[in-house]
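Next comes start-v5.pdb, a file with PDB, C-alpha atoms.
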ATOM      1  CA  GLN A   1      32.324 -12.667   4.062
ATOM      2  CA  THR A   2      30.493 -15.775   2.876
ATOM      3  CA  PHE A   3      27.277 -14.445   4.452
ATOM      4  CA  GLN A   4      27.677 -11.093   2.686
ATOM      5  CA  HIS A   5      28.496 -12.823  -0.609
ATOM      6  CA  TYR A   6      25.306 -14.879  -0.287
ATOM      7  CA  PHE A   7      23.135 -11.780  -0.023
ATOM      8  CA  ILE A   8      24.973 -10.066  -2.873
ATOM      9  CA  GLN A   9      24.115 -13.051  -5.085
ATOM     10  CA  ILE A  10      20.494 -12.804  -3.966
ATOM     11  CA  ASN A  11      20.446  -9.126  -4.910
ATOM     12  CA  LEU A  12      21.557  -9.948  -8.437
ATOM     13  CA  ARG A  13      18.532 -12.076  -9.163
ATOM     14  CA  MET A  14      15.727 -10.549  -7.117
ATOM     15  CA  SER A  15      12.953  -8.208  -8.123
ATOM     16  CA  THR A  16      13.422  -4.807  -6.505
ATOM     17  CA  GLU A  17       9.736  -3.907  -6.448
ATOM     18  CA  PRO A  18       8.224  -3.708  -2.950
ATOM     19  CA  PRO A  19       5.686  -6.433  -2.170
ATOM     20  CA  PRO A  20       1.962  -5.671  -1.806
ATOM     21  CA  SER A  21       2.208  -6.075   1.954
ATOM     22  CA  LEU A  22       0.896  -3.696   4.607
ATOM     23  CA  ALA A  23       3.362  -5.227   7.065
ATOM     24  CA  PHE A  24       6.138  -4.088   4.724
ATOM     25  CA  SER A  25       4.876  -0.535   4.205
ATOM     26  CA  THR A  26       3.903   0.153   7.832
ATOM     27  CA  VAL A  27       6.557  -1.710   9.825
ATOM     28  CA  VAL A  28       9.521  -2.994   7.813
ATOM     29  CA  ALA A  29      10.121  -0.076   5.401
ATOM     30  CA  PRO A  30       9.946   2.683   8.067
ATOM     31  CA  LEU A  31      12.235   0.627  10.309
ATOM     32  CA  LEU A  32      14.812   0.110   7.558
ATOM     33  CA  SER A  33      14.840   3.837   6.783
ATOM     34  CA  GLY A  34      16.740   4.265  10.057
ATOM     35  CA  PHE A  35      19.642   2.121   8.853
ATOM     36  CA  PRO A  36      22.666   3.415   6.905
ATOM     37  CA  LYS A  37      21.715   3.557   3.209
ATOM     38  CA  ASP A  38      23.698   0.521   2.026
ATOM     39  CA  GLN A  39      22.646  -1.669   4.956
ATOM     40  CA  GLY A  40      19.038  -0.573   4.635
ATOM     41  CA  LYS A  41      18.982  -1.405   0.919
ATOM     42  CA  LEU A  42      20.558  -4.809   1.515
ATOM     43  CA  LEU A  43      18.022  -5.689   4.211
ATOM     44  CA  ARG A  44      15.141  -4.244   2.195
ATOM     45  CA  ASP A  45      16.049  -6.270  -0.894
ATOM     46  CA  SER A  46      16.437  -9.394   1.250
ATOM     47  CA  PHE A  47      12.930  -8.941   2.650
ATOM     48  CA  VAL A  48      11.580  -8.404  -0.866
ATOM     49  CA  PHE A  49      13.305 -11.560  -2.071
ATOM     50  CA  ALA A  50      12.024 -13.616   0.880
ATOM     51  CA  GLU A  51       8.475 -12.370   0.276
ATOM     52  CA  LYS A  52       8.731 -13.185  -3.412
ATOM     53  CA  GLN A  53       9.858 -16.735  -2.657
ATOM     54  CA  ASN A  54       7.413 -17.226   0.236
ATOM     55  CA  PRO A  55       4.341 -14.945  -0.030
ATOM     56  CA  GLY A  56       3.243 -13.900   3.446
ATOM     57  CA  PHE A  57       6.772 -14.080   4.880
ATOM     58  CA  ILE A  58       6.873 -10.402   5.917
ATOM     59  CA  HIS A  59       3.476 -10.597   7.619
ATOM     60  CA  ASP A  60       4.540 -13.721   9.508
ATOM     61  CA  PHE A  61       7.885 -12.145  10.406
ATOM     62  CA  VAL A  62       6.213  -9.039  11.848
ATOM     63  CA  ALA A  63       3.680 -11.200  13.683
ATOM     64  CA  GLY A  64       6.499 -13.216  15.229
ATOM     65  CA  VAL A  65       8.388 -10.124  16.378
ATOM     66  CA  ILE A  66       5.514  -7.990  17.642
ATOM     67  CA  HIS A  67       3.273 -10.691  19.171
ATOM     68  CA  SER A  68       0.165  -8.537  18.760
ATOM     69  CA  GLU A  69      -3.152 -10.091  19.732
ATOM     70  CA  ASP A  70      -4.706  -8.610  16.607
ATOM     71  CA  LEU A  71      -2.105  -7.882  13.940
ATOM     72  CA  THR A  72      -4.797  -6.994  11.396
ATOM     73  CA  GLU A  73      -6.036  -4.130  13.571
ATOM     74  CA  MET A  74      -2.520  -3.013  14.476
ATOM     75  CA  LEU A  75      -1.465  -2.821  10.819
ATOM     76  CA  LEU A  76      -4.617  -0.900   9.962
ATOM     77  CA  ARG A  77      -3.868   1.651  12.686
ATOM     78  CA  LEU A  78      -0.406   2.074  11.152
ATOM     79  CA  GLY A  79      -1.777   2.163   7.610
ATOM     80  CA  ALA A  80      -1.127   5.870   7.123
ATOM     81  CA  SER A  81       2.569   5.570   7.994
ATOM     82  CA  THR A  82       4.714   7.544   5.562
ATOM     83  CA  CYS A  83       6.657   5.337   3.170
ATOM     84  CA  SER A  84       8.855   6.765   0.410
ATOM     85  CA  GLU A  85       8.274   3.634  -1.706
ATOM     86  CA  TYR A  86       4.771   4.911  -2.485
ATOM     87  CA  THR A  87       5.372   8.672  -2.538
ATOM     88  CA  ILE A  88       5.925  10.542  -5.798
ATOM     89  CA  LEU A  89       9.047  12.681  -5.424
ATOM     90  CA  SER A  90       8.034  15.637  -7.553
ATOM     91  CA  HIS A  91       6.984  19.255  -7.192
ATOM     92  CA  VAL A  92       4.506  18.971 -10.072
ATOM     93  CA  GLN A  93       1.151  20.077  -8.684
ATOM     94  CA  LEU A  94      -0.788  17.048  -9.946
ATOM     95  CA  HIS A  95       1.768  14.702  -8.383
ATOM     96  CA  GLU A  96       1.459  16.533  -5.074
ATOM     97  CA  HIS A  97      -2.320  16.197  -5.313
ATOM     98  CA  LEU A  98      -1.966  12.452  -5.918
ATOM     99  CA  ASN A  99       0.220  12.109  -2.826
ATOM    100  CA  ALA A 100      -2.225  14.155  -0.761
ATOM    101  CA  LYS A 101      -5.341  12.291  -1.949
ATOM    102  CA  ALA A 102      -3.740   8.891  -1.377
ATOM    103  CA  GLN A 103      -2.602   9.882   2.109
ATOM    104  CA  ALA A 104      -6.034  11.306   2.956
ATOM    105  CA  LEU A 105      -7.592   7.946   2.077
ATOM    106  CA  ARG A 106      -5.012   6.049   4.140
ATOM    107  CA  LEU A 107      -5.667   8.310   7.131
ATOM    108  CA  LEU A 108      -9.424   7.779   6.958
ATOM    109  CA  LEU A 109      -9.072   4.012   6.645
ATOM    110  CA  SER A 110      -6.546   3.840   9.481
ATOM    111  CA  SER A 111      -8.989   5.677  11.761
ATOM    112  CA  ILE A 112     -11.620   2.931  11.457
ATOM    113  CA  PRO A 113     -10.616   0.958  14.601
ATOM    114  CA  ASP A 114     -11.159   4.061  16.750
ATOM    115  CA  GLN A 115     -14.491   4.976  15.168
ATOM    116  CA  ILE A 116     -16.252   1.749  14.259
ATOM    117  CA  SER A 117     -17.945   1.401  17.657
ATOM    118  CA  GLU A 118     -19.569   4.846  17.428
ATOM    119  CA  ARG A 119     -22.242   4.340  14.793
ATOM    120  CA  SER A 120     -22.916   7.993  13.903
ATOM    121  CA  VAL A 121     -19.203   8.807  13.728
ATOM    122  CA  PHE A 122     -18.477   5.682  11.723
ATOM    123  CA  LEU A 123     -21.251   6.430   9.234
ATOM    124  CA  GLN A 124     -19.707   9.842   8.593
ATOM    125  CA  THR A 125     -16.280   8.223   8.177
ATOM    126  CA  ILE A 126     -17.755   5.835   5.598
ATOM    127  CA  LYS A 127     -19.087   8.809   3.634
ATOM    128  CA  ASP A 128     -15.713  10.528   3.869
ATOM    129  CA  ILE A 129     -13.949   7.382   2.644
ATOM    130  CA  ALA A 130     -16.303   7.099  -0.330
ATOM    131  CA  GLN A 131     -15.584  10.719  -1.270
ATOM    132  CA  SER A 132     -11.855  10.207  -0.749
ATOM    133  CA  ILE A 133     -11.880   7.227  -3.121
ATOM    134  CA  LYS A 134     -13.634   9.352  -5.758
ATOM    135  CA  ASP A 135     -11.137  12.182  -5.273
ATOM    136  CA  LEU A 136      -8.151   9.858  -5.673
ATOM    137  CA  LEU A 137      -9.629   8.225  -8.785
ATOM    138  CA  SER A 138     -10.275  11.659 -10.263
ATOM    139  CA  CYS A 139      -6.604  12.558  -9.733
ATOM    140  CA  VAL A 140      -5.526   9.231 -11.219
ATOM    141  CA  ASN A 141      -7.685   9.836 -14.299
ATOM    142  CA  ASN A 142      -6.231  13.344 -14.670
ATOM    143  CA  PHE A 143      -2.752  11.854 -14.474
ATOM    144  CA  ASN A 144      -3.650   9.393 -17.226
ATOM    145  CA  GLN A 145      -5.020  12.147 -19.452
ATOM    146  CA  MET A 146      -1.978  14.377 -18.962
ATOM    147  CA  ASN A 147       0.597  11.625 -19.428
ATOM    148  CA  GLY A 148      -1.133   9.229 -21.807
ATOM    149  CA  SER A 149       1.253   9.881 -24.688
ATOM    150  CA  THR A 150       4.524   9.854 -22.747
ATOM    151  CA  PRO A 151       6.883   6.925 -23.445
ATOM    152  CA  ALA A 152       6.802   5.841 -19.794
ATOM    153  CA  MET A 153       2.991   5.722 -19.734
ATOM    154  CA  VAL A 154       2.788   3.947 -23.092
ATOM    155  CA  HIS A 155       5.288   1.360 -21.863
ATOM    156  CA  ASN A 156       3.451   0.855 -18.539
ATOM    157  CA  LYS A 157      -0.156   1.377 -19.730
ATOM    158  CA  ARG A 158      -1.249  -2.222 -19.144
ATOM    159  CA  LEU A 159       0.201  -2.215 -15.645
ATOM    160  CA  PHE A 160      -1.391   1.168 -14.894
ATOM    161  CA  ASP A 161      -4.825   0.057 -16.096
ATOM    162  CA  TYR A 162      -4.508  -3.250 -14.221
ATOM    163  CA  GLN A 163      -3.637  -1.602 -10.903
ATOM    164  CA  LYS A 164      -6.352   1.013 -11.346
ATOM    165  CA  LYS A 165      -8.930  -1.749 -11.889
ATOM    166  CA  ASN A 166      -7.622  -3.566  -8.824
ATOM    167  CA  PHE A 167      -8.043  -0.379  -6.809
ATOM    168  CA  VAL A 168     -11.662  -0.101  -7.947
ATOM    169  CA  ARG A 169     -12.220  -3.782  -7.074
ATOM    170  CA  SER A 170     -10.703  -3.267  -3.630
ATOM    171  CA  SER A 171     -12.967  -0.261  -3.102
ATOM    172  CA  LYS A 172     -16.036  -2.316  -3.976
ATOM    173  CA  ALA A 173     -14.849  -5.153  -1.731
ATOM    174  CA  PHE A 174     -14.523  -2.646   1.112
ATOM    175  CA  SER A 175     -18.123  -1.521   0.535
ATOM    176  CA  ASP A 176     -19.239  -5.166   0.603
ATOM    177  CA  SER A 177     -17.415  -5.684   3.912
ATOM    178  CA  LEU A 178     -19.345  -2.766   5.410
ATOM    179  CA  ARG A 179     -22.664  -4.307   4.426
ATOM    180  CA  SER A 180     -21.511  -7.564   5.983
ATOM    181  CA  TYR A 181     -20.476  -5.739   9.156
ATOM    182  CA  PHE A 182     -23.855  -4.085   9.610
ATOM    183  CA  ARG A 183     -25.501  -7.507   9.228
ATOM    184  CA  GLU A 184     -23.171  -9.616  11.345
ATOM    185  CA  ASN A 185     -21.214  -7.072  13.436
ATOM    186  CA  GLN A 186     -17.805  -8.616  12.705
ATOM    187  CA  GLN A 187     -15.260  -5.814  12.863
ATOM    188  CA  ASN A 188     -12.342  -7.907  11.635
ATOM    189  CA  VAL A 189     -13.966  -8.309   8.215
ATOM    190  CA  VAL A 190     -13.905  -4.521   7.822
ATOM    191  CA  PHE A 191     -10.333  -4.281   9.136
ATOM    192  CA  GLN A 192      -9.089  -6.877   6.655
ATOM    193  CA  SER A 193     -10.838  -5.201   3.745
ATOM    194  CA  ALA A 194      -9.538  -1.758   4.769
ATOM    195  CA  ASN A 195      -6.018  -3.173   4.923
ATOM    196  CA  LYS A 196      -6.371  -4.540   1.406
ATOM    197  CA  LEU A 197      -7.625  -1.167   0.156
ATOM    198  CA  ILE A 198      -4.645   0.637   1.704
ATOM    199  CA  THR A 199      -2.324  -1.946   0.168
ATOM    200  CA  GLN A 200      -3.863  -1.499  -3.279
ATOM    201  CA  THR A 201      -3.667   2.282  -2.871
ATOM    202  CA  ASN A 202       0.053   1.824  -2.256
ATOM    203  CA  VAL A 203       0.456  -0.457  -5.272
ATOM    204  CA  LEU A 204      -1.343   2.030  -7.528
ATOM    205  CA  MET A 205       0.778   4.908  -6.221
ATOM    206  CA  ARG A 206       3.925   2.839  -6.736
ATOM    207  CA  THR A 207       2.936   2.263 -10.369
ATOM    208  CA  ILE A 208       2.385   5.991 -10.895
ATOM    209  CA  LYS A 209       5.678   6.753  -9.162
ATOM    210  CA  ILE A 210       7.509   4.436 -11.584
ATOM    211  CA  ILE A 211       5.897   6.194 -14.561
ATOM    212  CA  THR A 212       6.838   9.657 -13.263
ATOM    213  CA  GLU A 213      10.435   8.625 -12.583
ATOM    214  CA  LYS A 214      10.859   7.153 -16.059
ATOM    215  CA  GLY A 215       9.448  10.339 -17.522
TER
END
Spit out the file's structure as structure tokens when you get a sec.
Amino acid sequence: QTFQHYFIQINLRMSTEPPPSLAFSTVVAPLLSGFPKDQGKLLRDSFVFAEKQNPGFIHDFVAGVIHSEDLTEMLLRLGASTCSEYTILSHVQLHEHLNAKAQALRLLLSSIPDQISERSVFLQTIKDIAQSIKDLLSCVNNFNQMNGSTPAMVHNKRLFDYQKKNFVRSSKAFSDSLRSYFRENQQNVVFQSANKLITQTNVLMRTIKIITEKG
């Protein structure tokens, strides 16, 4: 009972927002979805709290459990895993398009480890990723135009603009990592940058999800 009371007290003072962690979205969140609702929420909030207090905790936890030789590559391969935290629960067509465009980008990025060694295939994947980024940004801009005057958007406009800019920065950083790869042939640089782009895609989608839910 003392143990349970301790976690209840934690829940009262923790942020409930998921951390910008690919280890959380690809490993921890899908795993917790298999737990009973109350237990899953308690464990989920505890992970969020631990990550907030010690950034990198979830990544280190997953690394300690899985013992993968290359966790960066493993997380990238799992980068397109479905996670309700970053999915807009709505039948509005634009929202469905946002979900689809974000998932298409995640799928392309998560395919990089299998394609990077085949130059012609990888070059086509790079082109597809660039187009996918443009498509997602176009959807995001449409969302902004259609919802710009809603109370939820007005209230969260700074956060929306900030996360959109971070997405653009992550996209440019990914492009820089590709130039570095073709000069120095270090795959891990590309994997790390792709992971960050997936993570920022998730953060942007989470922000939009919050706005849609607050109406």
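Using all atoms listed in the file, the protein and nucleic acid residues lying no more than 12 Å from A:Asn147, apart from those fewer than 3 places from it along its own chain, are Leu94, His95, Val140, Asn141, Asn142, Phe143, Asn144, Thr150, Pro151, Ala152, Met153, Val154, His155, Asn156, Lys157, Phe160, Ile208, Ile211, Thr212, Lys214 and Gly215 of chain A.
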- Message: Could you check the closest approach to A:Met205 for each of A:Ala63, A:Ala50, A:Ile129, A:Leu159 and tell me which residue wins, using all atoms listed in the file?
- Response: A:Leu159
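Atom CA of A:Leu197 lies 11.8 Å from atom CA of A:Gln163.
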- Tell me which protein, DNA and RNA residues are within 7 Å of A:Thr199, counting all atoms listed in the file, leaving out same-chain ones fewer than 5 positions away, and put them as a ChimeraX atom specification. /A:20-22
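Take atom CA of A:Asn195 and atom CA of A:Ser46: the distance between them is 23.6 Å.
One finds atom CA of A:Asp70 at 22.1 Å from atom CA of A:Ser175.
If all atoms listed in the file are the atoms counted, then among A:Tyr86, A:Tyr162, A:Tyr181, A:Phe61 the closest residue to A:Ile198 is A:Tyr86.
Shortest atom-to-atom contact with A:Glu17 among A:Gln145, A:Asp45, A:Ser111, A:Ile66: A:Asp45, counting all atoms listed in the file.
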- Message: Which residues are near A:Leu137? Cut-off 12 Å, only C-alpha atoms, ignore same chain within fewer than 3 positions. Put them as a PyMOL selection string.
- Response: chain A and resi 97-98+101-102+105+130-134+140-144+161+163-168+171+201+204-205
- Task: Using the chain letters and numbering of this document, enumerate as a ChimeraX atom specification the residues selected by the PyMOL selection byres ((chain A and resi 123-128) around 12).
- Result: /A:104-122,129-135,171,174-175,177-179,182,190,194
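Taken over the whole file, the PyMOL selection byres ((chain A and resi 31) around 12) covers exactly Ala23, Phe24, Ser25, Thr26, Val27, Val28, Ala29, Pro30, Leu32, Ser33, Gly34, Phe35, Pro36, Gln39, Gly40, Lys41, Leu43, Arg44, Val62, Ser81, Thr82 and Cys83 of chain A.
Distances from A:Gly79, A:Pro55, A:Pro19, A:Gly148 to A:Gln103 were compared using all atoms listed in the file, and the smallest one belongs to A:Gly79.
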Around stretch 80-96 of chain A, with edges along x, y and z and 5 Å added on all six sides, what centre and edge lengths do you get, in Å to one decimal, as JSON?
{"center_x": 4.0, "center_y": 11.9, "center_z": -1.0, "size_x": 20.2, "size_y": 26.4, "size_z": 28.1}
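Checking A:Asn99, A:Gln192, A:Ile210, A:Gln53 one by one against A:Leu71, counting all atoms listed in the file, you find the shortest gap at A:Gln192.
The shortest atom-to-atom distance to A:Arg206, with all atoms listed in the file taken into account, belongs to A:Thr87 out of A:Ser170, A:Ala100, A:Glu73, A:Thr87.
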Completion step: stretch 81-96 of chain A with N, CA, C and O atoms as a compact mmCIF listing (two decimals), keeping the file's coordinate frame:
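Written file, rebuild33.txt:
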# COMPACT_ATOMS: atom_id res chain seq x y z
N SER A 81 1.14 5.30 7.79
CA SER A 81 2.57 5.57 7.99
C SER A 81 3.21 6.01 6.68
O SER A 81 2.95 5.44 5.62
N THR A 82 4.05 7.04 6.76
CA THR A 82 4.71 7.54 5.56
C THR A 82 5.75 6.54 5.06
O THR A 82 6.54 6.01 5.84
N CYS A 83 5.71 6.28 3.78
CA CYS A 83 6.66 5.34 3.17
C CYS A 83 7.07 5.88 1.80
O CYS A 83 6.22 6.06 0.93
N SER A 84 8.36 6.15 1.65
CA SER A 84 8.86 6.76 0.41
C SER A 84 8.65 5.87 -0.81
O SER A 84 8.64 6.36 -1.95
N GLU A 85 8.48 4.57 -0.59
CA GLU A 85 8.27 3.63 -1.71
C GLU A 85 7.03 4.00 -2.51
O GLU A 85 6.93 3.70 -3.70
N TYR A 86 6.06 4.64 -1.84
CA TYR A 86 4.77 4.91 -2.48
C TYR A 86 4.48 6.41 -2.59
O TYR A 86 3.34 6.81 -2.79
N THR A 87 5.52 7.22 -2.46
CA THR A 87 5.37 8.67 -2.54
C THR A 87 6.06 9.19 -3.79
O THR A 87 7.24 8.88 -4.02
N ILE A 88 5.35 9.97 -4.59
CA ILE A 88 5.92 10.54 -5.80
C ILE A 88 6.82 11.72 -5.42
O ILE A 88 6.36 12.68 -4.79
N LEU A 89 8.09 11.63 -5.76
CA LEU A 89 9.05 12.68 -5.42
C LEU A 89 9.08 13.71 -6.55
O LEU A 89 9.90 13.63 -7.46
N SER A 90 8.16 14.64 -6.49
CA SER A 90 8.03 15.64 -7.55
C SER A 90 7.31 16.86 -7.02
O SER A 90 6.49 16.77 -6.10
N HIS A 91 7.66 18.02 -7.58
CA HIS A 91 6.98 19.26 -7.19
C HIS A 91 5.90 19.64 -8.20
O HIS A 91 5.35 20.74 -8.13
N VAL A 92 5.61 18.74 -9.14
CA VAL A 92 4.51 18.97 -10.07
C VAL A 92 3.20 18.95 -9.27
O VAL A 92 2.97 18.04 -8.46
N GLN A 93 2.35 19.92 -9.51
CA GLN A 93 1.15 20.08 -8.68
C GLN A 93 0.26 18.84 -8.69
O GLN A 93 -0.23 18.41 -7.64
N LEU A 94 0.06 18.23 -9.86
CA LEU A 94 -0.79 17.05 -9.95
C LEU A 94 -0.19 15.90 -9.13
O LEU A 94 -0.93 15.17 -8.47
N HIS A 95 1.12 15.76 -9.15
CA HIS A 95 1.77 14.70 -8.38
C HIS A 95 1.59 14.94 -6.88
O HIS A 95 1.37 14.00 -6.12
N GLU A 96 1.68 16.20 -6.48
CA GLU A 96 1.46 16.53 -5.07
C GLU A 96 0.02 16.24 -4.67
O GLU A 96 -0.25 15.78 -3.55
